[in-house]
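Text of query_4.cif (mmCIF, C-alpha atoms) as supplied:
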data_upload
#
loop_
_atom_site.label_atom_id
_atom_site.label_comp_id
_atom_site.auth_asym_id
_atom_site.auth_seq_id
_atom_site.Cartn_x
_atom_site.Cartn_y
_atom_site.Cartn_z
CA MET A 1 33.09 -61.77 72.32
CA LYS A 2 29.43 -62.74 72.47
CA ASN A 3 28.29 -66.35 72.55
CA VAL A 4 25.19 -66.78 70.37
CA TYR A 5 24.05 -70.37 69.90
CA LEU A 6 21.99 -70.78 66.71
CA ASP A 7 22.40 -74.53 66.18
CA ASN A 8 19.42 -75.70 68.19
CA ALA A 9 18.27 -78.08 65.44
CA SER A 10 21.36 -80.20 66.12
CA THR A 11 21.06 -80.11 69.90
CA THR A 12 19.90 -77.81 72.68
CA LYS A 13 21.24 -76.76 76.05
CA VAL A 14 19.75 -78.69 78.97
CA ASP A 15 17.21 -76.56 80.78
CA PRO A 16 18.35 -75.97 84.40
CA GLU A 17 14.95 -77.23 85.62
CA VAL A 18 15.51 -80.43 83.66
CA LEU A 19 18.90 -80.92 85.25
CA ASP A 20 17.40 -80.37 88.71
CA ALA A 21 14.77 -83.03 88.01
CA MET A 22 17.43 -85.51 86.87
CA LEU A 23 20.02 -85.04 89.63
CA PRO A 24 18.33 -87.15 92.35
CA TYR A 25 18.31 -90.16 89.99
CA LEU A 26 22.03 -89.71 89.39
CA SER A 27 22.79 -89.78 93.10
CA ASP A 28 20.59 -91.05 95.96
CA ARG A 29 17.69 -92.47 93.91
CA TYR A 30 19.81 -94.79 91.79
CA GLY A 31 17.71 -97.96 91.75
CA ASN A 32 17.10 -100.28 88.78
CA PRO A 33 13.42 -100.12 87.72
CA SER A 34 13.35 -103.92 87.44
CA SER A 35 14.49 -104.48 91.05
CA ILE A 36 11.82 -105.44 93.59
CA HIS A 37 13.20 -103.49 96.56
CA SER A 38 12.26 -99.93 97.52
CA LEU A 39 14.94 -98.22 95.41
CA GLY A 40 13.76 -100.23 92.42
CA HIS A 41 10.13 -99.29 93.05
CA ASP A 42 11.13 -95.63 93.30
CA ALA A 43 12.92 -95.80 89.96
CA LYS A 44 10.00 -97.67 88.38
CA ASP A 45 7.57 -95.02 89.61
CA ALA A 46 9.75 -92.29 88.12
CA VAL A 47 9.85 -94.03 84.74
CA GLU A 48 6.11 -94.65 84.65
CA SER A 49 5.11 -91.14 85.71
CA SER A 50 7.43 -89.79 83.00
CA ARG A 51 5.88 -92.17 80.50
CA ASP A 52 2.42 -90.92 81.45
CA ARG A 53 3.46 -87.30 80.94
CA ILE A 54 5.01 -87.83 77.51
CA ALA A 55 2.22 -90.13 76.30
CA SER A 56 -0.37 -87.56 77.31
CA SER A 57 1.42 -84.89 75.27
CA ILE A 58 0.84 -86.83 72.02
CA LYS A 59 -2.60 -88.20 73.05
CA SER A 60 -1.42 -91.80 73.29
CA ARG A 61 -1.81 -94.41 75.99
CA SER A 62 1.11 -94.85 78.36
CA ASP A 63 1.61 -98.51 77.44
CA GLU A 64 2.03 -97.47 73.80
CA LEU A 65 5.25 -95.55 74.54
CA VAL A 66 8.60 -97.37 74.49
CA PHE A 67 11.70 -95.59 75.79
CA THR A 68 14.85 -95.88 73.66
CA SER A 69 18.34 -94.38 73.47
CA GLY A 70 17.21 -91.65 71.07
CA GLY A 71 15.79 -90.80 67.66
CA THR A 72 18.16 -92.95 65.64
CA GLU A 73 17.32 -96.10 67.59
CA SER A 74 13.60 -95.34 67.44
CA ASN A 75 13.70 -94.85 63.68
CA ASN A 76 15.68 -98.05 63.16
CA PHE A 77 13.27 -99.91 65.43
CA ALA A 78 10.22 -98.59 63.58
CA LEU A 79 11.39 -99.36 60.04
CA LYS A 80 13.16 -102.66 60.63
CA GLY A 81 10.71 -103.91 63.22
CA ILE A 82 7.74 -103.32 60.92
CA ALA A 83 9.51 -104.64 57.83
CA PHE A 84 10.48 -107.99 59.31
CA ALA A 85 7.28 -108.50 61.30
CA ASN A 86 5.11 -107.98 58.22
CA LYS A 87 7.02 -109.91 55.54
CA ASP A 88 4.01 -112.18 55.16
CA LYS A 89 1.99 -109.22 53.86
CA GLY A 90 4.61 -107.57 51.66
CA ASN A 91 8.11 -106.17 51.29
CA HIS A 92 7.42 -102.62 50.12
CA ILE A 93 8.10 -99.46 52.15
CA ILE A 94 7.47 -95.86 51.10
CA THR A 95 9.36 -92.86 52.45
CA SER A 96 10.31 -89.41 51.17
CA ALA A 97 13.39 -87.90 49.55
CA VAL A 98 13.95 -85.51 52.49
CA GLU A 99 14.27 -87.89 55.43
CA HIS A 100 16.86 -87.84 58.19
CA LYS A 101 19.97 -89.87 57.43
CA CYS A 102 19.05 -92.61 59.90
CA ILE A 103 15.86 -93.25 57.91
CA VAL A 104 17.71 -93.10 54.58
CA ASN A 105 20.42 -95.49 55.72
CA SER A 106 17.92 -97.85 57.36
CA CYS A 107 16.07 -98.00 54.06
CA LYS A 108 19.28 -98.68 52.17
CA TRP A 109 20.05 -101.54 54.54
CA LEU A 110 16.53 -102.94 54.13
CA GLU A 111 17.02 -102.86 50.37
CA SER A 112 20.09 -105.06 50.85
CA GLN A 113 17.83 -107.50 52.73
CA GLY A 114 15.39 -107.82 49.85
CA PHE A 115 12.90 -105.07 50.66
CA GLU A 116 11.69 -102.58 48.04
CA ILE A 117 11.83 -98.88 48.94
CA THR A 118 10.04 -96.06 47.14
CA TYR A 119 11.40 -92.54 47.78
CA LEU A 120 8.67 -89.98 47.08
CA PRO A 121 9.80 -86.67 45.58
CA VAL A 122 8.87 -83.37 47.23
CA ASP A 123 8.02 -79.93 45.90
CA SER A 124 10.24 -76.84 46.10
CA GLU A 125 9.28 -76.27 49.74
CA GLY A 126 9.78 -79.88 50.81
CA PHE A 127 6.18 -81.11 50.88
CA VAL A 128 5.10 -84.63 49.92
CA ASN A 129 2.27 -84.73 47.38
CA ALA A 130 -0.69 -86.75 48.66
CA GLU A 131 -1.62 -88.03 45.20
CA GLU A 132 1.91 -89.34 44.66
CA LEU A 133 1.64 -91.23 47.95
CA LYS A 134 -1.67 -92.76 46.82
CA ASN A 135 -0.16 -93.79 43.50
CA ALA A 136 2.89 -95.36 45.16
CA ILE A 137 0.89 -97.67 47.43
CA LYS A 138 0.43 -101.23 46.18
CA LYS A 139 -0.67 -104.54 47.67
CA GLU A 140 2.86 -105.31 48.93
CA THR A 141 3.16 -101.98 50.79
CA VAL A 142 3.42 -102.32 54.56
CA LEU A 143 4.61 -98.89 55.75
CA PHE A 144 4.87 -95.21 54.91
CA SER A 145 7.43 -93.20 56.90
CA VAL A 146 7.75 -89.42 56.65
CA ILE A 147 9.54 -86.81 58.74
CA HIS A 148 7.03 -84.52 60.47
CA GLY A 149 9.14 -81.36 60.74
CA ASN A 150 12.21 -81.42 58.52
CA ASN A 151 15.53 -81.15 60.35
CA GLU A 152 17.18 -79.03 57.63
CA ILE A 153 14.50 -76.79 56.11
CA GLY A 154 11.75 -76.88 58.74
CA THR A 155 8.90 -78.08 56.50
CA ILE A 156 5.91 -79.40 58.49
CA GLN A 157 4.10 -82.08 56.50
CA ASN A 158 0.30 -82.28 56.26
CA MET A 159 0.01 -85.22 58.62
CA GLU A 160 -3.77 -85.37 58.72
CA GLU A 161 -3.99 -85.77 54.95
CA LEU A 162 -1.16 -88.30 54.72
CA GLY A 163 -2.45 -90.27 57.70
CA LYS A 164 -5.92 -90.63 56.19
CA ILE A 165 -4.41 -92.10 53.02
CA CYS A 166 -2.45 -94.65 55.06
CA LYS A 167 -5.50 -95.62 57.10
CA ASP A 168 -7.69 -95.98 54.00
CA SER A 169 -4.98 -98.09 52.35
CA ASP A 170 -4.45 -100.28 55.44
CA ILE A 171 -0.72 -99.59 55.76
CA TYR A 172 1.25 -98.52 58.81
CA PHE A 173 2.07 -94.83 59.18
CA HIS A 174 5.31 -93.78 60.92
CA SER A 175 6.71 -90.31 61.46
CA ASP A 176 10.07 -89.07 62.69
CA ALA A 177 8.96 -86.24 64.96
CA CYS A 178 12.27 -85.51 66.68
CA GLN A 179 12.36 -81.92 65.44
CA SER A 180 8.64 -81.18 65.69
CA TYR A 181 7.76 -82.66 69.07
CA THR A 182 6.41 -79.94 71.42
CA LYS A 183 6.96 -77.30 68.70
CA THR A 184 3.75 -77.99 66.79
CA GLU A 185 0.66 -80.15 67.22
CA LEU A 186 1.35 -83.89 67.35
CA ASN A 187 -1.85 -85.86 67.96
CA VAL A 188 -1.40 -89.52 67.11
CA ARG A 189 -5.15 -90.15 67.02
CA ASN A 190 -6.04 -87.25 64.75
CA TYR A 191 -3.19 -88.11 62.37
CA ASN A 192 -3.87 -91.88 62.31
CA LEU A 193 -0.26 -92.52 63.31
CA ASP A 194 0.85 -96.04 64.18
CA LEU A 195 4.44 -95.18 65.12
CA VAL A 196 6.14 -91.92 66.12
CA THR A 197 9.79 -91.23 66.93
CA LEU A 198 10.59 -88.73 69.70
CA ASN A 199 13.76 -87.61 71.45
CA ALA A 200 14.80 -85.35 74.31
CA HIS A 201 17.88 -83.41 73.25
CA LYS A 202 16.09 -81.27 70.65
CA ILE A 203 13.83 -79.83 73.37
CA HIS A 204 16.35 -78.90 76.10
CA GLY A 205 16.47 -82.39 77.54
CA PRO A 206 19.43 -84.76 77.88
CA LYS A 207 21.13 -86.62 75.05
CA GLY A 208 20.84 -90.38 74.81
CA VAL A 209 17.13 -90.81 75.50
CA GLY A 210 14.12 -90.99 73.20
CA ALA A 211 10.91 -92.90 72.64
CA LEU A 212 8.89 -94.73 70.04
CA TYR A 213 5.12 -94.59 70.11
CA VAL A 214 3.74 -97.94 68.97
CA LYS A 215 -0.03 -98.05 68.59
CA GLU A 216 -1.74 -100.96 70.29
CA GLY A 217 -2.10 -103.89 67.89
CA THR A 218 0.82 -102.84 65.67
CA LYS A 219 2.72 -105.89 64.43
CA ILE A 220 6.37 -105.10 65.13
CA ASP A 221 9.42 -107.17 66.01
CA PRO A 222 11.73 -106.01 68.81
CA TRP A 223 15.04 -104.78 67.43
CA GLN A 224 16.97 -104.88 70.69
CA HIS A 225 16.68 -108.06 72.75
CA GLY A 226 17.39 -108.36 76.45
CA GLY A 227 15.49 -108.86 79.67
CA GLY A 228 12.03 -108.03 78.37
CA GLN A 229 11.88 -104.42 79.54
CA GLU A 230 9.61 -101.83 77.91
CA PHE A 231 6.65 -104.19 77.38
CA ARG A 232 9.01 -106.76 75.80
CA LYS A 233 9.59 -104.38 72.91
CA ARG A 234 13.05 -103.09 73.89
CA GLY A 235 15.43 -104.94 76.18
CA GLY A 236 17.85 -103.07 78.43
CA THR A 237 17.83 -101.23 81.74
CA GLU A 238 15.96 -97.97 81.38
CA ASN A 239 17.89 -94.69 81.51
CA VAL A 240 16.02 -93.41 84.56
CA PRO A 241 17.64 -89.95 84.86
CA GLY A 242 17.32 -89.46 81.11
CA VAL A 243 13.66 -90.48 81.08
CA VAL A 244 12.87 -88.13 83.97
CA GLY A 245 14.69 -85.30 82.19
CA PHE A 246 12.88 -86.10 78.95
CA ALA A 247 9.47 -85.74 80.60
CA LYS A 248 10.42 -82.49 82.34
CA ALA A 249 11.77 -81.05 79.07
CA ALA A 250 8.56 -81.98 77.25
CA GLN A 251 6.51 -80.20 79.91
CA LEU A 252 8.59 -77.03 79.79
CA ASN A 253 8.94 -76.84 76.01
CA SER A 254 5.19 -77.20 75.45
CA ASP A 255 4.48 -73.85 77.09
CA ASN A 256 2.77 -71.72 74.45
CA LYS A 257 4.65 -68.59 75.58
CA ASN A 258 7.92 -70.31 74.68
CA LEU A 259 6.61 -71.30 71.23
CA VAL A 260 5.40 -67.76 70.50
CA HIS A 261 8.76 -66.32 71.58
CA THR A 262 10.70 -68.79 69.45
CA ALA A 263 8.57 -68.15 66.36
CA LYS A 264 9.02 -64.40 66.82
CA LEU A 265 12.79 -64.81 66.89
CA ARG A 266 12.68 -67.08 63.83
CA ASP A 267 10.71 -64.51 61.84
CA LYS A 268 13.00 -61.69 62.94
CA LEU A 269 16.01 -63.73 61.85
CA ILE A 270 14.49 -64.61 58.47
CA ASP A 271 13.45 -61.03 57.75
CA GLY A 272 16.86 -59.68 58.68
CA ILE A 273 18.96 -62.22 56.79
CA LEU A 274 16.84 -61.80 53.65
CA GLU A 275 17.79 -58.12 53.66
CA ILE A 276 21.34 -59.25 52.79
CA GLU A 277 22.06 -59.21 49.07
CA ASN A 278 21.66 -62.48 47.12
CA VAL A 279 20.23 -64.64 49.88
CA ARG A 280 17.27 -67.01 49.54
CA LEU A 281 15.23 -68.85 52.16
CA ASN A 282 15.01 -72.62 51.79
CA GLY A 283 11.68 -74.09 52.84
CA PRO A 284 8.27 -72.55 53.52
CA LEU A 285 7.23 -69.48 55.48
CA GLY A 286 4.89 -69.09 58.44
CA GLU A 287 2.96 -71.85 60.16
CA LYS A 288 4.12 -74.48 57.67
CA ARG A 289 7.65 -74.12 59.06
CA LEU A 290 9.04 -75.23 62.42
CA CYS A 291 9.03 -72.32 64.84
CA ASN A 292 12.80 -72.50 65.42
CA ASN A 293 14.16 -73.20 61.92
CA ALA A 294 15.74 -70.93 59.30
CA ASN A 295 17.79 -72.22 56.36
CA PHE A 296 19.38 -69.89 53.81
CA SER A 297 21.46 -70.04 50.66
CA PHE A 298 24.06 -67.28 50.34
CA LEU A 299 24.97 -67.07 46.66
CA GLU A 300 28.66 -66.69 45.68
CA ILE A 301 29.74 -67.87 49.16
CA GLU A 302 30.65 -71.24 50.65
CA GLY A 303 28.45 -72.03 53.63
CA GLU A 304 31.39 -73.48 55.55
CA ALA A 305 33.36 -70.26 55.11
CA LEU A 306 30.43 -68.17 56.29
CA GLY A 307 29.91 -70.43 59.28
CA ALA A 308 33.59 -70.14 60.18
CA HIS A 309 33.45 -66.34 60.02
CA LEU A 310 30.38 -66.29 62.24
CA GLU A 311 32.10 -68.65 64.68
CA GLN A 312 34.89 -66.09 65.02
CA GLU A 313 32.19 -63.65 66.16
CA GLY A 314 30.83 -66.15 68.69
CA ILE A 315 27.86 -67.26 66.56
CA LYS A 316 27.29 -71.01 66.26
CA THR A 317 25.44 -72.22 63.16
CA SER A 318 25.35 -75.30 60.92
CA THR A 319 25.81 -76.01 57.22
CA GLY A 320 23.22 -78.80 57.30
CA SER A 321 22.35 -81.72 59.53
CA ALA A 322 24.88 -82.23 62.30
CA CYS A 323 24.25 -85.97 62.06
CA SER A 324 26.09 -86.04 58.72
CA SER A 325 28.41 -83.05 59.10
CA ASN A 326 31.51 -85.24 59.11
CA THR A 327 31.16 -85.88 55.38
CA LEU A 328 31.55 -83.72 52.28
CA GLU A 329 28.34 -85.08 50.80
CA LYS A 330 25.95 -82.38 49.59
CA SER A 331 22.60 -82.14 51.36
CA HIS A 332 20.14 -84.62 49.86
CA VAL A 333 17.33 -82.51 51.32
CA LEU A 334 18.37 -79.35 49.48
CA ARG A 335 18.96 -81.39 46.35
CA ALA A 336 15.44 -82.84 46.63
CA ILE A 337 13.82 -79.37 46.69
CA GLY A 338 15.61 -78.46 43.47
CA LEU A 339 18.62 -76.42 44.58
CA ASN A 340 21.69 -76.34 42.36
CA ASP A 341 25.27 -76.92 43.52
CA GLU A 342 25.97 -73.25 44.19
CA GLN A 343 22.82 -72.86 46.29
CA ILE A 344 23.59 -76.03 48.25
CA ASN A 345 27.23 -75.08 48.80
CA GLY A 346 26.14 -71.66 50.07
CA SER A 347 23.57 -73.00 52.53
CA LEU A 348 23.55 -72.19 56.23
CA ARG A 349 21.09 -73.36 58.87
CA MET A 350 20.36 -71.05 61.80
CA SER A 351 18.03 -72.49 64.43
CA VAL A 352 16.83 -70.64 67.50
CA SER A 353 15.44 -71.65 70.89
CA ARG A 354 13.51 -70.08 73.72
CA PHE A 355 16.82 -69.20 75.38
CA ASN A 356 17.82 -66.85 72.56
CA THR A 357 17.10 -63.12 72.75
CA GLU A 358 16.17 -60.44 70.24
CA GLU A 359 19.53 -58.77 70.88
CA GLU A 360 21.31 -61.98 69.88
CA ILE A 361 19.29 -62.17 66.66
CA ASP A 362 20.14 -58.56 65.82
CA TYR A 363 23.82 -59.33 66.42
CA ALA A 364 23.69 -62.46 64.22
CA ILE A 365 22.03 -60.55 61.37
CA GLU A 366 24.60 -57.77 61.58
CA LYS A 367 27.57 -60.13 61.61
CA ALA A 368 26.14 -62.31 58.82
CA GLY A 369 25.80 -59.25 56.61
CA GLU A 370 29.37 -58.17 57.33
CA ALA A 371 30.72 -61.67 56.71
CA ALA A 372 28.80 -62.08 53.46
CA LYS A 373 30.11 -58.77 52.13
CA LYS A 374 33.69 -59.65 53.07
CA LEU A 375 33.53 -63.15 51.63
CA ARG A 376 32.00 -62.05 48.33
CA LYS A 377 34.96 -59.75 47.73
CA ILE A 378 37.30 -62.74 47.75
CA SER A 379 34.88 -65.39 46.49
CA PRO A 380 36.36 -67.81 43.92
CA ILE A 381 32.78 -68.69 42.96
CA LYS A 382 32.07 -65.09 41.99
CA ARG A 383 35.29 -64.86 39.96
CA VAL A 384 34.37 -68.01 38.02
CA VAL A 385 30.85 -66.71 37.29
CA ASN A 386 32.17 -63.33 36.18
CA SER A 387 34.78 -64.86 33.88
CA VAL A 388 32.20 -67.12 32.25
CA PHE A 389 29.84 -64.23 31.54
CA GLY A 390 32.52 -61.65 30.77
CA LYS A 391 31.75 -59.47 33.78
CA GLY A 392 34.28 -57.31 35.56
CA ASN A 393 35.44 -57.80 39.13
#
In structure tokens, how does this file's structure come out?
Amino acid sequence: MKNVYLDNASTTKVDPEVLDAMLPYLSDRYGNPSSIHSLGHDAKDAVESSRDRIASSIKSRSDELVFTSGGTESNNFALKGIAFANKDKGNHIITSAVEHKCIVNSCKWLESQGFEITYLPVDSEGFVNAEELKNAIKKETVLFSVIHGNNEIGTIQNMEELGKICKDSDIYFHSDACQSYTKTELNVRNYNLDLVTLNAHKIHGPKGVGALYVKEGTKIDPWQHGGGQEFRKRGGTENVPGVVGFAKAAQLNSDNKNLVHTAKLRDKLIDGILEIENVRLNGPLGEKRLCNNANFSFLEIEGEALGAHLEQEGIKTSTGSACSSNTLEKSHVLRAIGLNDEQINGSLRMSVSRFNTEEEIDYAIEKAGEAAKKLRKISPIKRVVNSVFGKGN
């Protein structure tokens, strides 16, 4: 049986070159970056050279990048740190209806602490309307947070337009860029970004390490207190091997040849799956979509059943965001773009990486078609629809 991994939006395999870069800091070069002896200096140098590399990739200064344990911590830090540090200005935060769960749940918690949250609607492809953002801003607004590249449907927001509105309105602009980092342009200066969330494990780096870009002069309270590490913005001993692996992954994943290859596989996958009867693509086409993302709705089929059939053929996929896959809750992202219950229940996310091949995509398309045909023959959804409209079996 083949092994075809198409769940790269949830996590990616660690690149062998990344692992090689990390291994010395898991063995002989094990110093604490805060120690003043030679092993400590060696670890400190590794952290700072990694910081330089990642900061350069988003056009920020090195001292504006704070290492964290990952995207969830960075997002919590950004929202809560800004909210509490700027209570003297206002208590209003704006976000979108298609954010990652860690943003949604942070906002819900902030509401319980007396903050007001506005959730902007999106259009049928997942885009925020700039005029609606303008209309939502008021004198109490302190922050707008929007996901750059959506983790479920791949939509890449118009950051330049949204950033200009935030700058003109004198509010902070944050973006969760965990899915988009190294896959599309991310220039913090051009987009007027004040805070950006990054992580390593979506780009063939290790799990458990991420970063938050914090523009110089941003008024933000630390969310994790300790020994004053990370410019006194995030206490705790730095994850030296993780940070080194993060920087190496960012370097490798930024190679344009890899991005072109990934986008080619994505388009091949989309074209092939859409040849299957009664399938729709969720999210936009082309350059407005992340180069590795494809999300479909298979009508008259449960997405979980389809995913299980594909798993039996060695194909790994996802029915939504892996960060909330342990619940039966329907996707709030697909709901926000206007899908009905049947379309949401029949959704399947297939996300590629530079390690996939055209042969694997051909195999996945073939097996998805076979599984869809088989499942529709026994579909309880189809029987219900047919009985309602008086159709035969």
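Residue nearest Ser124 (chain A), chosen from A:Gly208, A:Gly149, A:Gly338, A:Gly346 and counting all atoms listed in the file: A:Gly338.
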message: Could you list, as an MDAnalysis selection string, every residue matched by the PyMOL selection byres ((chain A and resi 265) around 9) in this structure?
response: chainID A and resid 260:264 266:270 291:292 352:354 356:358 361
Given the file above and the PyMOL selection byres ((chain A and resi 119) around 8), which residues are selected, and can you give them as a PDB file with C-alpha atoms, keeping the file's coordinate frame?
ATOM      1  CA  ILE A  94       7.470 -95.860  51.100  1.00  0.00           C
ATOM      2  CA  THR A  95       9.360 -92.860  52.450  1.00  0.00           C
ATOM      3  CA  SER A  96      10.310 -89.410  51.170  1.00  0.00           C
ATOM      4  CA  ALA A  97      13.390 -87.900  49.550  1.00  0.00           C
ATOM      5  CA  ILE A 117      11.830 -98.880  48.940  1.00  0.00           C
ATOM      6  CA  THR A 118      10.040 -96.060  47.140  1.00  0.00           C
ATOM      7  CA  LEU A 120       8.670 -89.980  47.080  1.00  0.00           C
ATOM      8  CA  PRO A 121       9.800 -86.670  45.580  1.00  0.00           C
TER       9      PRO A 121
END
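Using all atoms listed in the file for every distance, the candidate list A:Glu185, A:Glu238, A:Glu131, A:Asp221 yields A:Glu238 as the residue closest to Ser35 (chain A).
Of the listed residues (A:Lys219, A:Lys183, A:Lys233, A:Lys367), A:Lys183 comes nearest to Ile58 (chain A); the distances count all atoms listed in the file.
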